[in-house]
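Remarks on the structure that follows.
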Amino acid sequence: MKYIVVTGGVISGLGKGITTASIGRILKDRGYNVVPMKIDPYINIDAGTMNPFQHGEVYVLADGTEVDLDFGHYERFMDIELGGEHNITTGVIFLSVINRERNGEYLGQTVQIIPHVTNEIKLRIREVAARSNADICIVEIGGTVGDIESMPFLEAVRQMRREEPRENFLLIHVTLVPLTKLGEQKTKPTQHSVKALRELGLQPDIIVCRCERALAEDVKEKIAMFCDVDKRDVISAPDTDEIYEVPVLLENEGIFESIRDKMLLNKSEKRFYWENIVEKCRNLSGETEVAIVGKYAGLEDSYLSIKEAIKHAMMDLRCNVDIMWIEAEDLETDEGAMRKLERADGVLVPGGFGTRGTEGKIRAIEFARVHGKPFLGICLGFQLAVVEVARNLAGLKNANSTEFCDDTPHPVVDLLDEQRGIMKKGGTMRLGNGVVIIKENTLAHRIYGKTEIVERHRHRYEVNPSYLDMLSDAGILFSGTDSDGNKMEILELPNHPFFFATQFHPEFRSRPDRPSPPFRAFISACMRHATQHNAEEV
Ligand code: GLN
């Protein structure tokens, strides 16, 4: 097994996740079986209970583990499906060390960070890498070198480096080279962060420098000299507005050859051209506007996978889509927000938790339904579509989800018995891959072209089975259910141009060259709407 460890210096938020994913992609294009692992130096066991305001979206893996959004980059760039064991947090490590201690496994020793915690870290990394059958395991260490939290992990990495054969271990350090107002690229922060690494006994093999503009040659030379690497191993990673371009940028800098020569890799020939994917992001035509009505609309990272799934659909349909972010709460009071909705060619209501903004989202859904605008609802968006139709078409005034109103007279969305009673935070959600059975001759069937699909889930509440007849009479067609037929998974309104919602999250399985079918169908409906609209205006 070969290991590439990626650390970060200077500041957080450098795009280390995208760099890691891109390196994985570059190696995969040469026929290597690569698997990523992410170390998060926080004490949470997983990202499930973490606030998206602080961390961006919670990404859900096939096995239901809730992880941070870097896993989305890994899965999308490398086109793989990962399991929860690929995410190691301080919490996971400590829990396991403490359990071992309670079970008497340390035979009365004093349990310490070194060697017990560091041994546990090394063991985990090696076990997960071995089980994955990969050729190369890329381990991204979250946080910034110098943080107290990441010390045990860096120490474990230092030990691993000594224990593994030289060619099986590579350290890539990602840093920032800021630009002064006068246009000068400053290397001091990079020098300092490499110094901090060295104090921990680690010398980087390759330094990837994030910068506004490509690094000047003399800047590379300076970094090479002060940080004791070859100039070819100083890789310039300038800002780009298209993240899918990063593998190509790094490749053009010769990162593959650097890695190959140090790790004695013998497969060099490219078998897949990622450039073809990048090309699809360019030269898009047309103007289609999609409104995303969310709760964290000011923080687009909370809807990262949705944004990416829209982009994948755009790439496939070769059309330009502008996203309008609308804060759901504004739709409750602000007419300006409502007018924005009028301009949109389609309305997307994504998933969410908590009462705030739900009435605004319901207004957006009503607007899309009444005005024949394409609508895509995801998870909470699906549940609120049920509420909207119940209130406005089935005559069930004050219908609601019991998540938002405990004593609603019409709990059209509710906890099922199996979920009641186990309402402990974090442990009760339907999470991860689940089979969905699709009815024939429905929009869902046309979209997926199959009667059985697998999609990822992350929710607690379900459509209340006692209201199914009433909802059907009001015009909702539940075209997808779980395999027992008890839980509703997809709804559509057959007499609307495009009104489609899913209880699951199709965005998590969307890939740059395989857009999620509901997203593709939705964007295509929005394009039709835009064309009609423009024709009417002329
Ligand atoms: N809050 C809803 C539930 O728990 C929807 C969850 C979501 O949108 N991810 O069922």
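Following the order of the structure tokens, first chain is A, next is B, and so on, with residues numbered from 1 inside each chain and ligands from 1 in the order they appear.
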
Exercise. So which residues touch Val117 (chain A) within 12 Å, counting only C-alpha atoms, skipping near sequence neighbours fewer than 3 positions away, as a list of chain:residue names?
Worked result: A:Thr89, A:Thr90, A:Gly91, A:Val92, A:Ile93, A:Phe94, A:Leu95, A:Ser96, A:Val97, A:Ile98, A:Arg100, A:Glu101, A:Tyr106, A:Thr110, A:Val111, A:Gln112, A:Ile113, A:Ile114, A:Glu120, A:Ile121, A:Lys122, A:Leu123, A:Arg124, A:Met151, A:Pro152, A:Phe153, A:Leu154, A:Glu155, A:Ala156

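For ligand 1, the neighbouring polymer residues at 6 Å or closer are Gly351, Gly352, Phe353, Cys379, Leu380, Arg458, His459, Arg460 and Tyr461 of chain A, only C-alpha atoms and all ligand atoms being used.
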
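Contact shell of Leu171 (chain A) at 6 Å (only C-alpha atoms; same-chain neighbours under 3 positions omitted): A:Ile4, A:Val5, A:Pro204, A:Asp205.
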
Can you write out the residues you just picked, keeping N, CA, C and O atoms, as an mmCIF file, in the first residue's frame?
```cif
data_model
loop_
_atom_site.group_PDB
_atom_site.id
_atom_site.type_symbol
_atom_site.label_atom_id
_atom_site.label_comp_id
_atom_site.auth_asym_id
_atom_site.auth_seq_id
_atom_site.Cartn_x
_atom_site.Cartn_y
_atom_site.Cartn_z
ATOM 1 N N ILE A 4 -0.365 8.718 0.447
ATOM 2 C CA ILE A 4 -0.063 10.134 0.209
ATOM 3 C C ILE A 4 -0.814 10.905 1.292
ATOM 4 O O ILE A 4 -2.039 10.777 1.412
ATOM 5 N N VAL A 5 -0.089 11.644 2.098
ATOM 6 C CA VAL A 5 -0.742 12.422 3.150
ATOM 7 C C VAL A 5 -0.783 13.886 2.719
ATOM 8 O O VAL A 5 0.207 14.417 2.217
ATOM 9 N N PRO A 204 7.896 18.198 3.871
ATOM 10 C CA PRO A 204 7.025 17.925 2.712
ATOM 11 C C PRO A 204 7.834 17.488 1.491
ATOM 12 O O PRO A 204 8.967 17.936 1.307
ATOM 13 N N ASP A 205 7.232 16.620 0.687
ATOM 14 C CA ASP A 205 7.863 16.202 -0.564
ATOM 15 C C ASP A 205 7.427 17.122 -1.693
ATOM 16 O O ASP A 205 8.176 17.371 -2.625
#
```

For this session: Report as a count of residues only: the residues of region 307-449 of chain A with a DSSP assignment of strand (DSSP E or B), based on the backbone of this structure.
Result: 34

For this session: Show which residues sit within 12 Å of region 192-200 of chain A, as an NGL selection string. Count only C-alpha atoms, and ignore same-chain residues fewer than 2 positions away.
Result: :A and (6-11 or 144-147 or 150-159 or 171-177 or 186-190 or 202-209 or 223-229)

Exercise. Any idea what's packed within 6 Å of region 513-519 of chain A, counting only C-alpha atoms, ignoring anything in its chain fewer than 6 positions away? Could you give it as a list in words?
Worked result: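 In the requested format, the answer is His312, Ala313, Ile447 and Tyr448 of chain A.
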
For this session: Among the residues of region 235-339 of chain A, find those DSSP assigns to alpha helix (DSSP H) from the backbone and print them as a ChimeraX atom specification.
Result: /A:246-252,255-263,275-281,304-317,330-333,335-339

Any chance you can output those residues with N, CA and C atoms as a short mmCIF file (atom, residue, chain, number, x, y, z; two decimals), in the first residue's frame?
```
data_model
loop_
_atom_site.label_atom_id
_atom_site.label_comp_id
_atom_site.auth_asym_id
_atom_site.auth_seq_id
_atom_site.Cartn_x
_atom_site.Cartn_y
_atom_site.Cartn_z
N VAL A 246 -9.35 21.98 -11.58
CA VAL A 246 -8.16 21.83 -10.73
C VAL A 246 -7.29 20.62 -11.11
N PRO A 247 -7.87 19.45 -11.38
CA PRO A 247 -6.99 18.34 -11.76
C PRO A 247 -6.14 18.68 -12.98
N VAL A 248 -6.72 19.39 -13.93
CA VAL A 248 -5.98 19.73 -15.14
C VAL A 248 -4.87 20.74 -14.81
N LEU A 249 -5.18 21.72 -13.97
CA LEU A 249 -4.18 22.71 -13.59
C LEU A 249 -2.99 22.05 -12.89
N LEU A 250 -3.29 21.15 -11.96
CA LEU A 250 -2.21 20.49 -11.22
C LEU A 250 -1.39 19.60 -12.14
N GLU A 251 -2.09 18.94 -13.04
CA GLU A 251 -1.42 18.05 -13.96
C GLU A 251 -0.46 18.83 -14.86
N ASN A 252 -0.93 19.97 -15.34
CA ASN A 252 -0.07 20.79 -16.20
C ASN A 252 1.17 21.29 -15.47
N ILE A 255 2.49 17.65 -11.51
CA ILE A 255 2.39 16.99 -10.19
C ILE A 255 2.44 15.47 -10.34
N PHE A 256 1.87 14.96 -11.43
CA PHE A 256 1.89 13.51 -11.57
C PHE A 256 3.33 12.99 -11.68
N GLU A 257 4.13 13.65 -12.52
CA GLU A 257 5.52 13.20 -12.70
C GLU A 257 6.29 13.26 -11.38
N SER A 258 6.04 14.32 -10.59
CA SER A 258 6.69 14.41 -9.28
C SER A 258 6.30 13.23 -8.40
N ILE A 259 5.01 12.96 -8.35
CA ILE A 259 4.54 11.85 -7.52
C ILE A 259 5.10 10.53 -8.05
N ARG A 260 5.02 10.36 -9.36
CA ARG A 260 5.47 9.11 -9.98
C ARG A 260 6.94 8.82 -9.64
N ASP A 261 7.78 9.83 -9.80
CA ASP A 261 9.21 9.60 -9.59
C ASP A 261 9.54 9.31 -8.14
N LYS A 262 8.82 9.95 -7.23
CA LYS A 262 9.12 9.73 -5.80
C LYS A 262 8.54 8.41 -5.31
N MET A 263 7.40 8.03 -5.86
CA MET A 263 6.75 6.82 -5.35
C MET A 263 7.04 5.61 -6.23
N GLU A 275 -9.97 16.19 -19.05
CA GLU A 275 -10.14 17.42 -19.84
C GLU A 275 -11.49 17.44 -20.54
N ASN A 276 -11.97 16.28 -20.95
CA ASN A 276 -13.26 16.22 -21.65
C ASN A 276 -14.40 16.66 -20.74
N ILE A 277 -14.26 16.37 -19.45
CA ILE A 277 -15.28 16.79 -18.50
C ILE A 277 -15.21 18.30 -18.32
N VAL A 278 -13.97 18.80 -18.20
CA VAL A 278 -13.80 20.25 -18.00
C VAL A 278 -14.37 21.01 -19.20
N GLU A 279 -14.15 20.44 -20.36
CA GLU A 279 -14.62 21.10 -21.58
C GLU A 279 -16.13 21.31 -21.53
N LYS A 280 -16.81 20.34 -20.90
CA LYS A 280 -18.28 20.43 -20.81
C LYS A 280 -18.76 21.58 -19.93
N CYS A 281 -17.87 22.08 -19.06
CA CYS A 281 -18.27 23.21 -18.20
C CYS A 281 -18.20 24.52 -18.97
N LEU A 304 -24.07 22.67 -1.21
CA LEU A 304 -23.02 22.41 -2.20
C LEU A 304 -23.38 21.30 -3.19
N SER A 305 -23.88 20.18 -2.67
CA SER A 305 -24.15 19.05 -3.58
C SER A 305 -25.30 19.40 -4.53
N ILE A 306 -26.23 20.21 -4.07
CA ILE A 306 -27.33 20.62 -4.95
C ILE A 306 -26.78 21.50 -6.08
N LYS A 307 -25.89 22.41 -5.70
CA LYS A 307 -25.28 23.27 -6.71
C LYS A 307 -24.51 22.43 -7.73
N GLU A 308 -23.79 21.45 -7.22
CA GLU A 308 -23.00 20.60 -8.13
C GLU A 308 -23.92 19.77 -9.02
N ALA A 309 -25.01 19.26 -8.45
CA ALA A 309 -25.93 18.44 -9.26
C ALA A 309 -26.55 19.30 -10.37
N ILE A 310 -26.84 20.57 -10.06
CA ILE A 310 -27.36 21.47 -11.10
C ILE A 310 -26.29 21.66 -12.17
N LYS A 311 -25.04 21.81 -11.69
CA LYS A 311 -23.96 22.00 -12.67
C LYS A 311 -23.81 20.78 -13.58
N HIS A 312 -23.91 19.58 -13.00
CA HIS A 312 -23.79 18.37 -13.83
C HIS A 312 -24.88 18.33 -14.89
N ALA A 313 -26.10 18.74 -14.49
CA ALA A 313 -27.20 18.78 -15.46
C ALA A 313 -26.90 19.82 -16.54
N MET A 314 -26.38 20.97 -16.12
CA MET A 314 -26.01 22.02 -17.08
C MET A 314 -25.00 21.51 -18.09
N MET A 315 -23.99 20.79 -17.57
CA MET A 315 -22.92 20.30 -18.42
C MET A 315 -23.47 19.33 -19.46
N ASP A 316 -24.42 18.52 -19.03
CA ASP A 316 -24.99 17.54 -19.94
C ASP A 316 -25.91 18.21 -20.97
N LEU A 317 -26.64 19.22 -20.51
CA LEU A 317 -27.61 19.87 -21.40
C LEU A 317 -26.98 21.06 -22.13
N ASP A 330 -37.83 35.39 3.86
CA ASP A 330 -38.19 36.64 3.16
C ASP A 330 -39.50 36.49 2.39
N LEU A 331 -39.80 35.27 1.97
CA LEU A 331 -41.03 35.07 1.19
C LEU A 331 -42.26 35.22 2.08
N GLU A 332 -42.05 35.20 3.40
CA GLU A 332 -43.18 35.34 4.31
C GLU A 332 -43.57 36.81 4.45
N THR A 333 -42.63 37.72 4.20
CA THR A 333 -42.92 39.14 4.47
C THR A 333 -42.58 40.07 3.32
N GLU A 335 -42.19 41.41 -0.33
CA GLU A 335 -42.75 41.25 -1.68
C GLU A 335 -41.65 41.18 -2.74
N GLY A 336 -40.52 41.85 -2.44
CA GLY A 336 -39.38 41.83 -3.37
C GLY A 336 -38.92 40.40 -3.62
N ALA A 337 -38.90 39.61 -2.55
CA ALA A 337 -38.47 38.22 -2.67
C ALA A 337 -39.46 37.46 -3.56
N MET A 338 -40.73 37.79 -3.41
CA MET A 338 -41.77 37.13 -4.21
C MET A 338 -41.57 37.46 -5.69
N ARG A 339 -41.17 38.70 -5.96
CA ARG A 339 -40.97 39.10 -7.37
C ARG A 339 -39.78 38.37 -7.99
#
```

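Of the listed residues A:Ala390, A:Gly56, A:Asn398, A:Glu403, the one whose atoms come nearest to Gly475 (chain A) is A:Ala390, with distances taken using only C-alpha atoms.
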
For this session: Kindly indicate which residue among A:Asp68, A:Glu329, A:Glu269, A:Glu287 lies nearest to Gly357 (chain A), using only C-alpha atoms for the distances.
Result: A:Glu329

For this session: Write out as a list in words which residues come within 10 Å of Ile438 (chain A) when counting only C-alpha atoms, dropping same-chain ones fewer than 2 positions away.
Result: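 Surrounding residues, per the criterion: Val435, Val436, Glu440, Asn441, Thr442, Leu443, Ala444, His445, Arg446, Tyr448, Gly449, Lys450, Thr451, Glu452, Ile453, Phe478, Ser479, Gly480, Thr481, Asp482, Ser483, Glu489 and Ile490 of chain A.
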
Exercise. Closest to Ile243 (chain A) among A:Arg131, A:Lys220, A:Lys16, A:His496, using only C-alpha atoms?
Worked result: A:Lys16

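Of the residues under consideration (A:Ala399, A:Leu431, A:Ala368, A:Met324), A:Leu431 shows the shortest atom-to-atom contact distance to Leu61 (chain A) when counting only C-alpha atoms.
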